[in-house]
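Undergrad: Take a look at this one; I'll ask things after.
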Amino acid sequence: MSFDVRAIRREFPILAQPIDGRPLHYLDNAATGQAPRTMIEAIVAFETLRRANVLRGVHHLAEAATEAYADARAAVARYINAAPQDLVFTSGTTASINLVARAFGDGLAAGDEVVISVAEHHSNIVPWQMLRQRRGIVLKALQVDDEGRLDLAAIERTVTAKCRLIAVTHVSNVTGAVTDVARIVSAARAVGARVLLDGAQRAPHGPIDVPALGVDFYAFSGHKMFGPNGVGALWGQRELLEAMPPFLGGGEMIRTVTLERTEYAAPPHKFEAGTPPIAQAIGLGATVRWLMTLDWPAISDHEMRLAQRTLDGLSGIRGARVLGPGGLQARAPVVSFALDGAHPHDVCQILDGRGVALRGGHHCAQPLMDRFGLAGTTRASLALYNNDADVDALLSGLDEAARRLR
Amino acid sequence: MTDELYHATILDRARSGERAGRLERPDASATIDNPLCGDRVTIDLKLDGGRVSDIAQYVRGCALCRAAAATIARHAIGETADSLAETAEALRGILKGDAPAPSGAWSELSMFAPARAYKSRHDCVLLPFEAIARAFASARDRSP
């Protein structure tokens, strides 16, 4: 296999669309990845030819929809090297984490400890604060070093015998830092705690061997990995999924219901109350089937070369300060930076005028912003379809923004 | 299009730092955040018979927000809660494109008309006006 970025770009129709007469340079991939043709076609085909509810009907369309939904689960499970029955479809990473905070978290007792980090997205902070309110747990946070990496040198001081769960990001949506998962898992295992990884920012950068990570839960979103909105997944260790009570009650998640009691379905259906996001799951299945045909070592080289080009360019812009690792080791191609004298929203607006789509603000990671004394940063996040022209448009636009705003 | 938005008047006003800082012992004060971006505006007021007699503004925010806060600081002295609410409504009209700029000193608000096309930025312009309204409300709450 080989990697041809032009061929990849042809799979994403939106990239050919001019923005206000200029070529689009889409560098907001950490917010949402773009949609490949194969995903769009799969959704259109389902909605046009096979639309029906799943798991209950016996008519032709219901059978076809149920089979397509199961096939999608199998495909997404393959992407993370897992068994389909251990993969719960949710609406996204936020829903996956909230599911764990309810179904696992509500089994914790007052005084039990949950450890998160300063680098978390709000979706991996707020559910645990809500759990603290419900159950009286103690919520602790690992700190980060000056490069934004989790400071794990003294993790045992934070992860004590009272710890029941460590819930941290796999890849920071702000700094791009990749978490040392082995270190987290070993600290958790030493005290009998479980580990949840927020994989939202890892999933777009190639298949993941989740069971090999040694964690207990893995959460990710479809739309960040070039799938549809409104679908994501939670993978869990089978014995945990079997032991946990359901989070939501309703149709699809039962075996039998009487007015007195309900017997629940086995996982993953136990956690999928109500009609699931069927077309979205099928679209995500199509996306990952296509992703798994690609040469990921070559894509990774490509993405990291672009990240280096971005970091090199930023080092030449006066007053630009990168928030995150300066090198490429254990790093995803997400580059956040502050530009002295220029507010991130103004920078993003000026770059938008040049067709460059960026994200400015706190990136739903306000505790991390507080750690670095910033209200927000500007973020360029790269994906497999980005090219040199995208990075160069960013860098020349930043030059202009710096000149105009200071 | 962004050339129109970041025109010299807005950028100069944002840089002006008009009455930037805090007042000692204000009669009314409010701090307000924009949840979208984390920007923060603080308005301190001295009041005399329901009218602004002194004002300070402190902004951690973008050029549009800083320009709006500086414009308020420049023209708010002598204004009341009601007159400022009318001015804020006029600014909303400018941003929606269905109202002309008010007359007099506040006619300057027409500098924000190019923000009309950028709906996500309207809150940046309006945030300082919301802050001054809240400051007045806090003074009302405290009065016997």
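Ordering of the structure tokens sets the chain letters (A, B, ...); residue numbers start at 1 within each chain; ligands are numbered from 1 in the order shown.
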Might you pull out every residue within 12 Å of Lys224 (chain A), with only C-alpha atoms counted and same-chain residues fewer than 3 positions away left off, and present them as a VMD selection string?
TA: chain A and resid 28 to 35 92 to 93 173 199 to 206 220 to 221 227 to 233 284 287 to 288 381 to 383
Undergrad: Residues of the last selection are to be written out with N, CA and C atoms, as a short mmCIF file (atom, residue, chain, number, x, y, z; two decimals), in the first residue's frame.
TA:
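File written: again.cif
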```cif
data_model
loop_
_atom_site.label_atom_id
_atom_site.label_comp_id
_atom_site.auth_asym_id
_atom_site.auth_seq_id
_atom_site.Cartn_x
_atom_site.Cartn_y
_atom_site.Cartn_z
N ASP A 28 -9.79 22.13 11.40
CA ASP A 28 -10.58 22.04 12.64
C ASP A 28 -11.01 20.59 12.85
N ASN A 29 -10.12 19.68 12.55
CA ASN A 29 -10.46 18.26 12.60
C ASN A 29 -10.67 17.73 14.01
N ALA A 30 -10.06 18.38 14.99
CA ALA A 30 -10.26 17.93 16.37
C ALA A 30 -11.69 18.22 16.82
N ALA A 31 -12.36 19.16 16.14
CA ALA A 31 -13.77 19.43 16.45
C ALA A 31 -14.67 18.44 15.72
N THR A 32 -14.45 18.31 14.43
CA THR A 32 -15.21 17.36 13.61
C THR A 32 -14.39 17.02 12.37
N GLY A 33 -14.29 15.74 12.08
CA GLY A 33 -13.64 15.32 10.84
C GLY A 33 -14.64 15.40 9.69
N GLN A 34 -14.14 15.52 8.48
CA GLN A 34 -15.04 15.61 7.33
C GLN A 34 -15.54 14.23 6.90
N ALA A 35 -16.52 14.25 6.02
CA ALA A 35 -17.24 13.02 5.68
C ALA A 35 -16.73 12.43 4.37
N GLY A 92 -22.12 9.43 21.36
CA GLY A 92 -20.79 10.02 21.23
C GLY A 92 -20.00 9.85 22.52
N THR A 93 -18.82 10.43 22.55
CA THR A 93 -17.94 10.27 23.70
C THR A 93 -18.60 10.77 24.99
N ASN A 173 -7.17 17.07 23.40
CA ASN A 173 -7.76 17.82 22.29
C ASN A 173 -7.15 19.21 22.17
N GLY A 199 -11.07 8.37 24.13
CA GLY A 199 -10.32 8.18 22.89
C GLY A 199 -10.79 9.05 21.74
N ALA A 200 -11.57 10.08 22.04
CA ALA A 200 -12.16 10.88 20.96
C ALA A 200 -11.11 11.43 19.99
N GLN A 201 -9.97 11.84 20.53
CA GLN A 201 -8.94 12.45 19.67
C GLN A 201 -7.94 11.44 19.14
N ARG A 202 -8.01 10.22 19.63
CA ARG A 202 -7.10 9.19 19.12
C ARG A 202 -7.71 8.46 17.93
N ALA A 203 -9.04 8.29 17.99
CA ALA A 203 -9.72 7.46 16.99
C ALA A 203 -9.52 7.92 15.54
N PRO A 204 -9.39 9.23 15.25
CA PRO A 204 -9.24 9.63 13.84
C PRO A 204 -7.85 9.31 13.27
N HIS A 205 -6.94 8.83 14.08
CA HIS A 205 -5.57 8.66 13.60
C HIS A 205 -5.20 7.19 13.43
N GLY A 206 -6.20 6.37 13.12
CA GLY A 206 -5.92 4.99 12.74
C GLY A 206 -6.47 3.98 13.72
N PHE A 220 -15.35 6.84 22.42
CA PHE A 220 -14.99 7.64 21.25
C PHE A 220 -16.23 8.06 20.47
N SER A 221 -16.02 9.03 19.56
CA SER A 221 -17.13 9.64 18.81
C SER A 221 -16.99 9.35 17.33
N GLY A 227 -16.93 9.90 10.67
CA GLY A 227 -18.26 9.28 10.64
C GLY A 227 -19.32 10.34 10.84
N PRO A 228 -20.56 9.90 10.97
CA PRO A 228 -21.67 10.86 11.16
C PRO A 228 -21.69 11.44 12.57
N ASN A 229 -22.44 12.52 12.72
CA ASN A 229 -22.76 13.03 14.06
C ASN A 229 -23.77 12.11 14.71
N GLY A 230 -23.85 12.17 16.03
CA GLY A 230 -24.94 11.48 16.73
C GLY A 230 -24.68 10.01 16.99
N VAL A 231 -23.47 9.54 16.69
CA VAL A 231 -23.13 8.17 17.03
C VAL A 231 -21.71 8.15 17.57
N GLY A 232 -21.50 7.27 18.52
CA GLY A 232 -20.18 7.04 19.08
C GLY A 232 -20.22 5.68 19.74
N ALA A 233 -19.23 5.40 20.55
CA ALA A 233 -19.22 4.07 21.14
C ALA A 233 -18.55 4.07 22.50
N LEU A 284 -21.02 5.13 10.20
CA LEU A 284 -19.73 4.96 10.88
C LEU A 284 -19.09 3.63 10.49
N THR A 287 -17.47 4.14 7.23
CA THR A 287 -16.23 4.92 7.38
C THR A 287 -15.08 4.02 7.86
N VAL A 288 -15.31 3.26 8.90
CA VAL A 288 -14.18 2.48 9.44
C VAL A 288 -13.77 1.36 8.49
N SER A 381 -5.77 21.57 13.89
CA SER A 381 -5.74 20.12 14.09
C SER A 381 -5.81 19.44 12.72
N LEU A 382 -4.85 18.55 12.51
CA LEU A 382 -4.64 17.98 11.18
C LEU A 382 -5.25 16.59 11.06
N ALA A 383 -5.58 16.24 9.84
CA ALA A 383 -6.11 14.90 9.56
C ALA A 383 -5.43 14.36 8.30
#
```
Undergrad: Can you tell me which residues surround region 187-192 of chain A at a distance of at most 9 Å, considering only C-alpha atoms, apart from same-chain residues fewer than 6 positions away, and format the answer as JSON, numbers by chain?
TA: {"A": [155, 156, 159, 160, 161, 162, 163, 164, 165, 166]}
Undergrad: How close does chain A get to chain B? List, as CSV, each residue of chain A within 7 Å, its nearest atom pair and the distance in Å to one decimal, counting only C-alpha atoms.
TA:
```
residue,atom,partner,partner_atom,distance
A:His343,CA,B:Cys62,CA,5.1
A:His345,CA,B:Cys62,CA,6.3
A:Asp346,CA,B:Cys62,CA,6.1
A:Gln349,CA,B:Thr2,CA,6.7
A:Ile350,CA,B:Thr2,CA,5.7
A:Gly353,CA,B:Thr2,CA,5.4
A:Gly361,CA,B:Cys37,CA,4.6
A:His362,CA,B:Cys37,CA,5.9
A:Ala375,CA,B:Gly38,CA,6.0
```
Undergrad: Keeping only N, CA and C atoms, write the selected residues as an mmCIF file, in the first residue's frame.
TA:
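Produced file out.cif, reproduced below:
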```cif
data_model
loop_
_atom_site.group_PDB
_atom_site.id
_atom_site.type_symbol
_atom_site.label_atom_id
_atom_site.label_comp_id
_atom_site.auth_asym_id
_atom_site.auth_seq_id
_atom_site.Cartn_x
_atom_site.Cartn_y
_atom_site.Cartn_z
ATOM 1 N N HIS A 343 -6.182 37.991 19.973
ATOM 2 C CA HIS A 343 -7.130 37.068 20.595
ATOM 3 C C HIS A 343 -7.456 35.921 19.634
ATOM 4 N N HIS A 345 -10.115 34.321 18.821
ATOM 5 C CA HIS A 345 -11.275 34.471 17.937
ATOM 6 C C HIS A 345 -11.000 35.447 16.803
ATOM 7 N N ASP A 346 -10.223 36.472 17.097
ATOM 8 C CA ASP A 346 -9.870 37.402 16.024
ATOM 9 C C ASP A 346 -8.952 36.713 15.020
ATOM 10 N N GLN A 349 -11.036 34.432 12.929
ATOM 11 C CA GLN A 349 -11.894 35.164 11.986
ATOM 12 C C GLN A 349 -11.089 35.645 10.782
ATOM 13 N N ILE A 350 -9.904 36.150 11.039
ATOM 14 C CA ILE A 350 -9.072 36.633 9.924
ATOM 15 C C ILE A 350 -8.639 35.462 9.045
ATOM 16 N N GLY A 353 -11.260 34.309 6.700
ATOM 17 C CA GLY A 353 -11.314 35.131 5.494
ATOM 18 C C GLY A 353 -10.350 34.646 4.418
ATOM 19 N N GLY A 361 -10.421 29.467 21.260
ATOM 20 C CA GLY A 361 -11.192 29.492 22.496
ATOM 21 C C GLY A 361 -10.598 28.554 23.521
ATOM 22 N N HIS A 362 -11.455 28.095 24.439
ATOM 23 C CA HIS A 362 -10.923 27.241 25.523
ATOM 24 C C HIS A 362 -10.995 25.759 25.187
ATOM 25 N N ALA A 375 -6.950 32.493 28.518
ATOM 26 C CA ALA A 375 -8.402 32.366 28.344
ATOM 27 C C ALA A 375 -8.697 31.398 27.214
#
```
Undergrad: Check the DSSP output for the backbone and give back, as a tab-separated table (two decimals) with C-alpha atoms, in the first residue's frame, the residues of region 113-193 of chain A in helix (DSSP H, G or I).
TA:
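Result went into states_35.tsv, see below:
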```
chain	number	residue	atom	x	y	z
A	122	HIS	CA	-15.24	19.12	30.03
A	123	SER	CA	-17.04	15.92	29.02
A	124	ASN	CA	-14.59	13.99	31.19
A	126	VAL	CA	-18.50	17.37	34.52
A	127	PRO	CA	-19.96	13.81	34.71
A	128	TRP	CA	-17.57	13.07	37.61
A	129	GLN	CA	-18.48	16.29	39.39
A	130	MET	CA	-22.12	15.27	39.02
A	131	LEU	CA	-21.24	11.84	40.40
A	132	ARG	CA	-19.50	13.54	43.35
A	133	GLN	CA	-22.73	15.38	44.02
A	134	ARG	CA	-24.80	12.17	43.83
A	135	ARG	CA	-22.53	9.75	45.65
A	155	ILE	CA	1.10	9.32	40.13
A	156	GLU	CA	1.08	6.99	43.14
A	157	ARG	CA	0.66	10.00	45.40
A	158	THR	CA	-2.67	10.76	43.69
A	181	VAL	CA	-1.45	4.61	29.09
A	182	ALA	CA	0.80	1.83	30.40
A	183	ARG	CA	1.82	4.03	33.34
A	184	ILE	CA	-1.81	4.89	34.10
A	185	VAL	CA	-2.87	1.24	33.91
A	186	SER	CA	-0.06	0.07	36.15
A	187	ALA	CA	-0.90	2.69	38.79
A	188	ALA	CA	-4.56	1.70	38.62
A	189	ARG	CA	-3.88	-2.02	38.82
A	190	ALA	CA	-1.62	-1.54	41.83
A	191	VAL	CA	-4.66	-0.35	43.81
```
Undergrad: By how many Å are CA of Ala99 (chain B) and CA of Ala115 (chain B) apart?
TA: 14.0 Å
Undergrad: Of the candidates B:Ile10, B:Val52, B:Leu126, B:Ile43, which shows the shortest atom-to-atom distance to Thr87 (chain B), using only C-alpha atoms?
TA: B:Leu126
Undergrad: For region 392-401 of chain A, find every residue with an atom within 9 Å (counting only C-alpha atoms), except residues of its own chain fewer than 4 positions away, and show them as a PDB file with C-alpha atoms, in the first residue's frame.
TA:
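selection_37.pdb written:
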```
ATOM      1  CA  HIS A  25      -8.104  24.658   4.248  1.00  0.00           C
ATOM      2  CA  LEU A  27      -7.813  22.517  10.071  1.00  0.00           C
ATOM      3  CA  ARG A 309       5.859  21.876   9.331  1.00  0.00           C
ATOM      4  CA  THR A 310       3.272  23.667  11.482  1.00  0.00           C
ATOM      5  CA  GLY A 313       6.388  27.685  10.907  1.00  0.00           C
ATOM      6  CA  LEU A 314       5.049  28.842  14.263  1.00  0.00           C
ATOM      7  CA  ILE A 317       6.240  33.876  13.922  1.00  0.00           C
ATOM      8  CA  ARG A 318       7.093  36.490  16.502  1.00  0.00           C
ATOM      9  CA  LEU A 339      -0.238  34.681  19.549  1.00  0.00           C
ATOM     10  CA  ALA A 342      -4.009  38.702  19.236  1.00  0.00           C
ATOM     11  CA  ASP A 346      -9.870  37.402  16.024  1.00  0.00           C
ATOM     12  CA  VAL A 347      -7.112  35.173  14.640  1.00  0.00           C
ATOM     13  CA  CYS A 348      -9.660  32.543  13.585  1.00  0.00           C
ATOM     14  CA  ILE A 350      -9.072  36.633   9.924  1.00  0.00           C
ATOM     15  CA  LEU A 351      -7.893  33.165   8.896  1.00  0.00           C
ATOM     16  CA  ARG A 354      -8.501  33.185   3.809  1.00  0.00           C
ATOM     17  CA  GLY A 355     -10.417  29.908   3.746  1.00  0.00           C
ATOM     18  CA  VAL A 356      -8.569  28.486   6.747  1.00  0.00           C
ATOM     19  CA  ALA A 357     -10.908  26.813   9.268  1.00  0.00           C
ATOM     20  CA  LEU A 358      -9.426  26.835  12.785  1.00  0.00           C
ATOM     21  CA  ALA A 380      -4.891  23.810  14.133  1.00  0.00           C
ATOM     22  CA  ASN A 387      -1.618  18.832   2.784  1.00  0.00           C
ATOM     23  CA  ASP A 388       1.271  21.282   2.619  1.00  0.00           C
ATOM     24  CA  LEU A 405      -4.172  42.705  15.293  1.00  0.00           C
ATOM     25  CA  ARG A 406      -1.151  43.934  17.190  1.00  0.00           C
TER      26      ARG A 406
END
```
Undergrad: Could you name the residues that touch Ala88 (chain B) at 8 Å or less, counting only C-alpha atoms, but leaving out those on the same chain fewer than 4 positions away, as a list in words?
TA: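 Surrounding residues, per the criterion: Leu84, Arg92, Leu126 and Phe129 of chain B.
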Undergrad: Please save N, CA and C atoms of the selected residues as a PDB file, in the first residue's frame.
TA:
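Saved as out_5.pdb:
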```pdb
ATOM      1  N   LEU B  84     -29.423  53.063  28.481  1.00  0.00           N
ATOM      2  CA  LEU B  84     -28.430  52.099  27.994  1.00  0.00           C
ATOM      3  C   LEU B  84     -29.100  50.851  27.436  1.00  0.00           C
ATOM      4  N   ARG B  92     -28.418  45.773  18.855  1.00  0.00           N
ATOM      5  CA  ARG B  92     -28.953  44.490  18.354  1.00  0.00           C
ATOM      6  C   ARG B  92     -29.570  44.694  16.970  1.00  0.00           C
ATOM      7  N   LEU B 126     -22.039  42.303  22.108  1.00  0.00           N
ATOM      8  CA  LEU B 126     -23.124  42.611  23.051  1.00  0.00           C
ATOM      9  C   LEU B 126     -22.745  42.360  24.512  1.00  0.00           C
ATOM     10  N   PHE B 129     -22.494  45.265  26.895  1.00  0.00           N
ATOM     11  CA  PHE B 129     -23.797  45.878  27.173  1.00  0.00           C
ATOM     12  C   PHE B 129     -24.584  45.032  28.177  1.00  0.00           C
TER      13      PHE B 129
END
```
Undergrad: Would you mind listing what lies within 10 Å of Glu130 (chain B) as a compact mmCIF listing (two decimals) with C-alpha atoms, in the first residue's frame, with only C-alpha atoms counted and same-chain residues fewer than 5 positions away left out?
TA:
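Writing done, so here's around.txt:
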```txt
# COMPACT_ATOMS: atom_id res chain seq x y z
CA ALA B 30 -20.88 43.04 37.21
CA THR B 31 -18.67 40.42 35.62
CA ILE B 32 -20.00 38.31 32.81
CA VAL B 41 -16.08 41.48 30.85
CA ILE B 43 -17.99 46.80 34.33
CA LEU B 84 -28.43 52.10 27.99
CA ALA B 85 -31.00 49.34 27.48
CA ALA B 88 -28.21 47.96 23.52
CA ASP B 123 -22.29 38.02 21.54
CA VAL B 125 -20.12 42.86 20.75
CA ALA B 135 -24.27 46.11 36.98
```
